[in-house]
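J.: Here it is: the structure, laid out below.
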Amino acid sequence: LARLACLTRAKREDLPAIKAEWARLGRNDREFLIRHFLDDGLRKPAFVLTFLPAFLHSATSNLAVGLYRALVVLVELMETLTSNGYLERSRSQTLEVSLQDLVEFTHVVENPRVFMAVPGHCSLASKLGRLDVILSAKHKERSADMHWSDDPTQEMRVLMRRVERRVSLVSAELEKLDFLQRRGSIMG
């Protein structure tokens, strides 16, 4: 939480809200972000997310976004980067990923649904040894559209990823309970 507080440029009075938003994330998402925040590029390859503090600050300053939604979108973007093997293909221990386009969008978006659809409407452009997260021009135009809803196939893909993360969380909890139950029966 301390690192997240620093990244969001939080003041002491902001800490309870940050803690509450962090707690809203599923355990797997929290663990995923913790691993990312702890990766240093020395012992383990890491993504260097340029403009991350600006992204989180824009999110917390925008009532349509907020910290929770920003973290969910960040997890989805990081999962895309990880699952596509960008770090493994990098010649360096670190790979710079620019969130500048996302910062600008986050600052002006007025519809939470439009913001949450970002992972399905962005691409990664390789430029001078870094990756830029680029939102589609069409999606940027939707920033003020209060009646927008995503294409059902696109929305389904995003929802399936979210369900997959939640199922993974439930599975991990069940495994933990099973372990504790077996341990209790062995000890008892």
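Every chain in the structure tokens has a letter given in the order shown (A, B, ...), and although residue numbers restart at 1 in each chain, ligands are simply numbered from 1 in the order shown.
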Residues of chain A classed as helix (DSSP H, G or I) by DSSP on the backbone are to be reported as a PyMOL selection string.

T.: chain A and resi 2-7+12-24+27-38+52-61+66-83+86-89+100-108+112-116+118-121+137-144+152-187

J.: Can you pull out every residue within 12 Å of Ser92 in chain A, counting only C-alpha atoms, but drop anything in the same chain fewer than 4 positions away, and send it as a JSON list (two decimals) with C-alpha atoms, in the first residue's frame?

T.:
[["chain", "number", "residue", "atom", "x", "y", "z"],
["A", 41, "GLY", "CA", 14.66, -5.36, -13.33],
["A", 42, "LEU", "CA", 17.78, -6.56, -11.54],
["A", 44, "LYS", "CA", 13.78, -10.39, -12.19],
["A", 45, "PRO", "CA", 12.77, -8.79, -15.52],
["A", 46, "ALA", "CA", 10.32, -5.93, -15.10],
["A", 47, "PHE", "CA", 8.05, -3.58, -16.98],
["A", 48, "VAL", "CA", 8.80, 0.08, -16.36],
["A", 86, "TYR", "CA", 7.08, -9.04, -24.22],
["A", 87, "LEU", "CA", 9.57, -9.35, -21.36],
["A", 88, "GLU", "CA", 10.85, -12.70, -22.59],
["A", 96, "GLU", "CA", 9.59, 0.53, -20.90],
["A", 129, "GLY", "CA", 12.90, 0.09, -27.65],
["A", 130, "ARG", "CA", 9.69, 0.79, -25.74]]

J.: Can you work out the spacing between CA of Leu95 in chain A and CA of Ser83 in chain A in Å, to one decimal?

T.: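 A separation of 14.5 Å between them.
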
J.: Just want the 10 Å neighbourhood of Val109 in chain A, counted on only C-alpha atoms, with same-chain residues fewer than 3 positions away dropped. Output as a list of chain:residue names.

T.: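 Counting only C-alpha atoms, the residues come to A:Ala59, A:Asn62, A:Leu63, A:Ala64, A:Val65, A:Glu104, A:Phe105, A:Thr106, A:Pro112, A:Arg113, A:Val114, A:Phe115, A:Lys140, A:Glu141, A:Arg142, A:Ser143, A:Ala144, A:Asp145, A:Met146.
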
J.: Output all heavy atoms for every residue in that selection, as a compact mmCIF listing (two decimals), in the first residue's frame.

T.:
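Output file out-v4.txt is given in full below:
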# COMPACT_ATOMS: atom_id res chain seq x y z
N ALA A 59 -6.73 9.22 -12.68
CA ALA A 59 -7.84 8.33 -12.30
C ALA A 59 -8.49 8.78 -11.00
O ALA A 59 -9.72 8.83 -10.89
CB ALA A 59 -7.35 6.90 -12.18
N ASN A 62 -10.63 11.89 -11.37
CA ASN A 62 -11.79 11.80 -12.25
C ASN A 62 -12.85 10.91 -11.59
O ASN A 62 -12.64 9.72 -11.39
CB ASN A 62 -11.36 11.22 -13.60
CG ASN A 62 -12.47 11.17 -14.61
OD1 ASN A 62 -13.66 11.15 -14.27
ND2 ASN A 62 -12.10 11.13 -15.88
N LEU A 63 -14.00 11.47 -11.27
CA LEU A 63 -15.06 10.72 -10.59
C LEU A 63 -15.59 9.55 -11.42
O LEU A 63 -16.11 8.59 -10.88
CB LEU A 63 -16.22 11.66 -10.21
CG LEU A 63 -15.89 12.71 -9.16
CD1 LEU A 63 -17.09 13.64 -8.95
CD2 LEU A 63 -15.47 12.07 -7.86
N ALA A 64 -15.46 9.63 -12.73
CA ALA A 64 -15.92 8.54 -13.60
C ALA A 64 -14.96 7.36 -13.60
O ALA A 64 -15.30 6.27 -14.06
CB ALA A 64 -16.12 9.04 -15.02
N VAL A 65 -13.76 7.56 -13.07
CA VAL A 65 -12.75 6.50 -13.10
C VAL A 65 -12.46 6.02 -11.67
O VAL A 65 -12.88 4.95 -11.28
CB VAL A 65 -11.46 6.97 -13.80
CG1 VAL A 65 -10.41 5.85 -13.81
CG2 VAL A 65 -11.75 7.43 -15.22
N GLU A 104 -3.89 10.73 -20.85
CA GLU A 104 -4.69 11.79 -21.47
C GLU A 104 -6.16 11.39 -21.55
O GLU A 104 -7.05 12.19 -21.26
CB GLU A 104 -4.13 12.11 -22.86
CG GLU A 104 -2.74 12.72 -22.79
CD GLU A 104 -2.00 12.72 -24.12
OE1 GLU A 104 -2.61 12.37 -25.16
OE2 GLU A 104 -0.81 13.07 -24.12
N PHE A 105 -6.43 10.14 -21.90
CA PHE A 105 -7.80 9.65 -21.98
C PHE A 105 -8.45 9.60 -20.60
O PHE A 105 -9.60 10.01 -20.43
CB PHE A 105 -7.81 8.26 -22.63
CG PHE A 105 -9.18 7.69 -22.82
CD1 PHE A 105 -10.00 8.14 -23.84
CD2 PHE A 105 -9.64 6.69 -21.98
CE1 PHE A 105 -11.27 7.61 -24.02
CE2 PHE A 105 -10.91 6.16 -22.15
CZ PHE A 105 -11.72 6.62 -23.17
N THR A 106 -7.71 9.12 -19.62
CA THR A 106 -8.23 9.00 -18.26
C THR A 106 -8.62 10.35 -17.69
O THR A 106 -9.59 10.47 -16.94
CB THR A 106 -7.18 8.31 -17.35
OG1 THR A 106 -6.85 7.03 -17.92
CG2 THR A 106 -7.69 8.11 -15.94
N PRO A 112 -17.84 5.67 -17.01
CA PRO A 112 -17.07 4.55 -16.46
C PRO A 112 -17.00 3.34 -17.38
O PRO A 112 -15.98 2.66 -17.46
CB PRO A 112 -17.81 4.20 -15.16
CG PRO A 112 -18.55 5.43 -14.79
CD PRO A 112 -18.90 6.11 -16.10
N ARG A 113 -18.08 3.06 -18.11
CA ARG A 113 -18.08 1.91 -19.04
C ARG A 113 -17.07 2.11 -20.16
O ARG A 113 -16.40 1.17 -20.58
CB ARG A 113 -19.48 1.69 -19.62
CG ARG A 113 -20.46 1.09 -18.66
CD ARG A 113 -21.75 0.70 -19.37
NE ARG A 113 -22.17 1.67 -20.37
CZ ARG A 113 -23.17 2.52 -20.22
NH1 ARG A 113 -23.88 2.53 -19.13
NH2 ARG A 113 -23.48 3.37 -21.18
N VAL A 114 -16.97 3.33 -20.63
CA VAL A 114 -16.00 3.63 -21.70
C VAL A 114 -14.59 3.41 -21.15
O VAL A 114 -13.74 2.82 -21.83
CB VAL A 114 -16.18 5.07 -22.23
CG1 VAL A 114 -15.06 5.46 -23.19
CG2 VAL A 114 -17.54 5.21 -22.91
N PHE A 115 -14.35 3.86 -19.93
CA PHE A 115 -13.02 3.66 -19.35
C PHE A 115 -12.71 2.18 -19.15
O PHE A 115 -11.62 1.72 -19.49
CB PHE A 115 -12.88 4.40 -18.01
CG PHE A 115 -11.53 4.18 -17.40
CD1 PHE A 115 -10.42 4.85 -17.89
CD2 PHE A 115 -11.36 3.27 -16.38
CE1 PHE A 115 -9.16 4.61 -17.36
CE2 PHE A 115 -10.11 3.03 -15.83
CZ PHE A 115 -9.01 3.71 -16.33
N LYS A 140 -11.32 6.92 -28.28
CA LYS A 140 -11.09 8.25 -27.70
C LYS A 140 -12.29 9.17 -27.94
O LYS A 140 -12.63 9.97 -27.08
CB LYS A 140 -9.83 8.87 -28.31
CG LYS A 140 -8.55 8.26 -27.82
CD LYS A 140 -7.38 8.95 -28.48
CE LYS A 140 -6.07 8.30 -28.11
NZ LYS A 140 -4.94 8.95 -28.78
N GLU A 141 -12.91 9.03 -29.09
CA GLU A 141 -14.07 9.86 -29.41
C GLU A 141 -15.25 9.58 -28.48
O GLU A 141 -16.12 10.42 -28.31
CB GLU A 141 -14.51 9.62 -30.86
CG GLU A 141 -13.52 10.13 -31.88
CD GLU A 141 -13.86 9.69 -33.30
OE1 GLU A 141 -14.95 9.09 -33.51
OE2 GLU A 141 -13.05 9.94 -34.19
N ARG A 142 -15.25 8.43 -27.84
CA ARG A 142 -16.35 8.04 -26.95
C ARG A 142 -16.19 8.60 -25.54
O ARG A 142 -17.04 8.36 -24.69
CB ARG A 142 -16.40 6.52 -26.85
CG ARG A 142 -16.65 5.83 -28.15
CD ARG A 142 -16.55 4.32 -27.98
NE ARG A 142 -16.75 3.67 -29.25
CZ ARG A 142 -16.00 2.69 -29.72
NH1 ARG A 142 -15.00 2.22 -29.00
NH2 ARG A 142 -16.25 2.16 -30.89
N SER A 143 -15.14 9.33 -25.28
CA SER A 143 -14.83 9.75 -23.91
C SER A 143 -15.98 10.51 -23.24
O SER A 143 -16.13 10.43 -22.03
CB SER A 143 -13.55 10.58 -23.87
OG SER A 143 -13.73 11.80 -24.54
N ALA A 144 -16.78 11.22 -23.99
CA ALA A 144 -17.89 11.98 -23.40
C ALA A 144 -19.25 11.35 -23.69
O ALA A 144 -20.27 11.91 -23.31
CB ALA A 144 -17.87 13.41 -23.92
N ASP A 145 -19.27 10.20 -24.32
CA ASP A 145 -20.52 9.54 -24.68
C ASP A 145 -21.09 8.81 -23.47
O ASP A 145 -20.60 7.76 -23.06
CB ASP A 145 -20.28 8.56 -25.84
CG ASP A 145 -21.57 7.97 -26.38
OD1 ASP A 145 -22.63 8.12 -25.74
OD2 ASP A 145 -21.50 7.34 -27.46
N MET A 146 -22.15 9.35 -22.89
CA MET A 146 -22.73 8.77 -21.68
C MET A 146 -23.66 7.60 -21.98
O MET A 146 -24.09 6.90 -21.06
CB MET A 146 -23.49 9.85 -20.89
CG MET A 146 -22.59 10.96 -20.36
SD MET A 146 -21.21 10.33 -19.35
CE MET A 146 -22.09 9.70 -17.94

J.: Quick one: of A:Gln93, A:Arg69, A:Ile18, A:Arg12, who's nearest to Asp40 in chain A, counting only C-alpha atoms?

T.: A:Gln93

J.: If DSSP is run on the backbone, what residues of chain A are strand (DSSP E)? A reply as a VMD selection string would be ideal.

T.: chain A and resid 46 to 50 94 to 98 122 to 127 130 to 135

J.: Using Å and a single decimal, report how far CA of Ala117 in chain A sits from CA of His139 in chain A.

T.: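 Between CA of His139 in chain A and CA of Ala117 in chain A the gap works out to 8.8 Å.
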
J.: Please indicate the distance in Å from CA of Arg27 in chain A to CA of Gln181 in chain A, rounded to one decimal place.

T.: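 The value is 20.7 Å.
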
J.: Using only C-alpha atoms for the distances, tell me which of A:Ser171, A:His57, A:Thr50, A:Leu71 is nearest to Leu131 in chain A.

T.: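 Using only C-alpha atoms, the shortest distance to Leu131 in chain A belongs to A:Thr50.
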
J.: Taking only C-alpha atoms into account, name the residue in A:Ala54, A:Leu99, A:Leu67, A:Val170 that is nearest to Lys19 in chain A.

T.: A:Leu67

J.: Find the residues near Phe51 in chain A: any atom within 9 Å, counting only C-alpha atoms, skip ones fewer than 3 places away on the same chain, and give them as a ChimeraX atom specification.

T.: /A:54-56,97-100,102-103
